[in-house]
Amino acid sequence: MNALEETPVTERYLTVLGAVQKPLFLKVPVGARLSACIKAAGVIGDAALIVGGPMRGRVLSAQSAIEAAVVTRRTETLIVLPQNHPLIEKARLPMDAAMKRARSVCEQCRLCTEFCPRYRLGQNMRPNLIMRNLRREKELSETEAYREAFGDAVNCCFCGLCDAVCPMGLQPRRMNAYCLGGLKKNRGFMLPRQMQPVPREKLGGLDTKRLENRLGLSEYGGFHDFTYGELTAAEVSIPFLQQAHRPAQPLKHVGDVVEKGERIATDGFCAGIHASIGGTITKISANGAVIKA
């Protein structure tokens, strides 16, 4: 809506919850440090961070990564969790180890497929077959054979429900992403699309309480009495890549004085990037700009 009305996006409203002393609903300038947001909520112990939802969010476990991360126009939720939480440990698992587990432990129970929303809509999306075919991935030198084995990955919406229901604690979503990368990079990406899928019979679902239990988030779920607050920042680091395709092009230089809401980078495919606070640009590059009040 702001983009349609040409209103600069300089602030975000976001929630901070999880292993914190007081869940917060914060108004934050774009470019503020995420570490400042979670400190305002009172972090309990040595914590990691999920930026976004628990199933699709970006996991930051190293303290250096948390300190470097900033609020963007797309930031909505910050979930603080202990470093030994299952979601954090699963995200830290190296890809090689996750692949070995998928090849050796998957018991083809089909729960990942039965709960998959794309499968239920009638799409060619069967995570259990992708998991099964991983055992012979290195043997599939022919492009057509690879597409036949892993082509379903192009229909994955990466919701993460398959990970949540897997009784063996495997990561079908991660395997789908791996296979999709192989299709894009080495095997071509053009596959026939289902323009008129026929929905399959619904076999029940997973309610919120059960999903919280599966994810290990029961103690953080339920109704939260959020405290509203506004976070100010004397310095912001505004990234120029806040959309999916390419970074915006800078319009300013080091030493320029800018007002809040002034455009500092532009892109013909988006609304541009604006200063979230007034001040002096102390650093600017193709990746972003640092503004100090």
# chains A, B, ... in the order shown; residues from 1 in each chain; ligands from 1
>>> residues_around(residues="segment 274-290 of chain A", least_positions_apart="6", cutoff="7 Å", atoms="only C-alpha atoms", output="list in words")
Pro8, Val9, Thr10, Glu11, Pro29, Val30, Val236, Ser237, Ile238, Pro239, Phe240, Leu241, Pro247, Gln249, Pro250, His253, Val254, Gly255, Asp256, Val257, Val258, Glu259, Lys260, Gly261, Glu262, Arg263, Ile264 and Ala265 of chain A
>>> write_last_selection(atoms="C-alpha atoms", output="mmCIF file, in the first residue's frame")
data_model
loop_
_atom_site.group_PDB
_atom_site.id
_atom_site.type_symbol
_atom_site.label_atom_id
_atom_site.label_comp_id
_atom_site.auth_asym_id
_atom_site.auth_seq_id
_atom_site.Cartn_x
_atom_site.Cartn_y
_atom_site.Cartn_z
ATOM 1 C CA PRO A 8 8.531 6.003 2.016
ATOM 2 C CA VAL A 9 8.845 2.869 4.160
ATOM 3 C CA THR A 10 11.073 3.988 7.021
ATOM 4 C CA GLU A 11 9.702 1.950 9.943
ATOM 5 C CA PRO A 29 13.333 2.145 12.075
ATOM 6 C CA VAL A 30 14.479 0.155 9.046
ATOM 7 C CA VAL A 236 21.138 2.486 11.022
ATOM 8 C CA SER A 237 22.541 0.175 8.367
ATOM 9 C CA ILE A 238 20.083 0.005 5.468
ATOM 10 C CA PRO A 239 20.600 -2.844 2.980
ATOM 11 C CA PHE A 240 19.899 -2.135 -0.688
ATOM 12 C CA LEU A 241 18.788 -5.703 -1.398
ATOM 13 C CA PRO A 247 20.047 -4.546 -5.173
ATOM 14 C CA GLN A 249 21.383 1.536 -7.057
ATOM 15 C CA PRO A 250 22.753 4.161 -4.617
ATOM 16 C CA HIS A 253 27.627 9.556 -1.389
ATOM 17 C CA VAL A 254 29.607 9.420 1.834
ATOM 18 C CA GLY A 255 29.221 12.697 3.723
ATOM 19 C CA ASP A 256 25.785 13.560 2.290
ATOM 20 C CA VAL A 257 23.228 14.766 4.821
ATOM 21 C CA VAL A 258 19.794 13.179 4.380
ATOM 22 C CA GLU A 259 16.383 13.679 5.931
ATOM 23 C CA LYS A 260 14.121 10.899 7.156
ATOM 24 C CA GLY A 261 12.143 9.569 4.203
ATOM 25 C CA GLU A 262 14.603 10.831 1.592
ATOM 26 C CA ARG A 263 15.372 8.379 -1.201
ATOM 27 C CA ILE A 264 18.944 7.077 -1.026
ATOM 28 C CA ALA A 265 18.748 4.294 -3.630
#
>>> select_by_dssp(residues="segment 77-229 of chain A", states="strand (DSSP E or B)", output="CSV table (one decimal) with N, CA and C atoms, in the first residue's frame")
chain,number,residue,atom,x,y,z
A,77,THR,N,8.7,-10.8,12.5
A,77,THR,CA,8.7,-11.5,13.7
A,77,THR,C,10.1,-11.9,14.1
A,78,LEU,N,10.4,-11.8,15.4
A,78,LEU,CA,11.7,-12.2,15.9
A,78,LEU,C,11.4,-13.2,17.0
A,79,ILE,N,11.8,-14.5,16.8
A,79,ILE,CA,11.5,-15.5,17.8
A,79,ILE,C,12.9,-15.9,18.5
A,80,VAL,N,13.0,-15.6,19.8
A,80,VAL,CA,14.2,-15.9,20.5
A,80,VAL,C,14.0,-17.3,21.2
A,81,LEU,N,15.0,-18.2,20.9
A,81,LEU,CA,15.0,-19.5,21.4
A,81,LEU,C,16.4,-19.9,22.0
A,82,PRO,N,16.4,-20.8,23.0
A,82,PRO,CA,17.7,-21.3,23.5
A,82,PRO,C,18.5,-21.9,22.4
A,227,THR,N,3.8,-5.9,25.2
A,227,THR,CA,4.0,-4.6,25.6
A,227,THR,C,4.5,-3.8,24.4
A,228,TYR,N,3.8,-2.6,24.2
A,228,TYR,CA,4.1,-1.8,23.0
A,228,TYR,C,5.3,-0.9,23.3
A,229,GLY,N,6.2,-0.8,22.4
A,229,GLY,CA,7.3,0.1,22.5
A,229,GLY,C,7.8,0.7,21.2
>>> closest_residue(among="A:Pro86, A:Arg12, A:Asp267, A:Arg103", to="Met55 of chain A", atoms="only C-alpha atoms")
A:Pro86
>>> residues_around(residues="Glu107 of chain A", least_positions_apart="2", cutoff="12 Å", atoms="only C-alpha atoms", output="ChimeraX atom specification")
/A:101-105,109-112,128-129,131-132,166-170
>>> write_last_selection(atoms="C-alpha atoms", output="PDB file, in the first residue's frame")
ATOM      1  CA  ARG A 101      20.248 -39.058   7.464  1.00  0.00           C
ATOM      2  CA  ALA A 102      17.693 -38.654   4.694  1.00  0.00           C
ATOM      3  CA  ARG A 103      19.274 -41.434   2.631  1.00  0.00           C
ATOM      4  CA  SER A 104      19.611 -43.906   5.477  1.00  0.00           C
ATOM      5  CA  VAL A 105      16.787 -43.199   7.940  1.00  0.00           C
ATOM      6  CA  CYS A 109       5.847 -43.545   5.919  1.00  0.00           C
ATOM      7  CA  ARG A 110       4.420 -40.947   3.466  1.00  0.00           C
ATOM      8  CA  LEU A 111       3.377 -38.545   6.240  1.00  0.00           C
ATOM      9  CA  CYS A 112       5.337 -35.742   4.557  1.00  0.00           C
ATOM     10  CA  ASN A 128       8.617 -39.055   0.187  1.00  0.00           C
ATOM     11  CA  LEU A 129       9.643 -39.942  -3.387  1.00  0.00           C
ATOM     12  CA  MET A 131      13.633 -38.571  -0.136  1.00  0.00           C
ATOM     13  CA  ARG A 132      13.700 -42.089  -1.565  1.00  0.00           C
ATOM     14  CA  CYS A 166       8.356 -36.384  10.005  1.00  0.00           C
ATOM     15  CA  PRO A 167       8.535 -39.030  12.781  1.00  0.00           C
ATOM     16  CA  MET A 168      12.276 -39.477  12.203  1.00  0.00           C
ATOM     17  CA  GLY A 169      13.112 -35.787  12.564  1.00  0.00           C
ATOM     18  CA  LEU A 170      14.323 -35.487   8.964  1.00  0.00           C
TER      19      LEU A 170
END
>>> atom_distance(atom1="atom CA of Gln63 of chain A", atom2="atom CA of Gln242 of chain A")
22.6 Å
>>> residues_around(residues="Asn124 of chain A", least_positions_apart="2", cutoff="10 Å", atoms="only C-alpha atoms", output="list of chain:residue names")
A:Arg118, A:Tyr119, A:Arg120, A:Leu121, A:Gly122, A:Arg126, A:Pro127, A:Gly151, A:Asp152, A:Ala153, A:Val154, A:Asn155, A:Cys156, A:Arg193, A:Gln194, A:Pro197
>>> residues_around(residues="segment 36-50 of chain A", least_positions_apart="5", cutoff="8 Å", atoms="only C-alpha atoms", output="ChimeraX atom specification")
/A:16-17,19-24,26,57-63,66,78-83,88,231
>>> select_by_dssp(residues="segment 37-286 of chain A", states="alpha helix (DSSP H)", output="MDAnalysis selection string")
chainID A and resid 37:41 63:68 86:92 95:105 111:115 117:120 127:133 143:150 161:165 172:185 208:215
>>> residues_around(residues="Glu137 of chain A", least_positions_apart="5", cutoff="9 Å", atoms="only C-alpha atoms", output="compact mmCIF listing (two decimals) with C-alpha atoms, in the first residue's frame")
# COMPACT_ATOMS: atom_id res chain seq x y z
CA TYR A 146 17.22 -36.41 -12.82
CA ALA A 149 13.37 -38.30 -9.95
CA PHE A 150 13.40 -34.78 -8.49
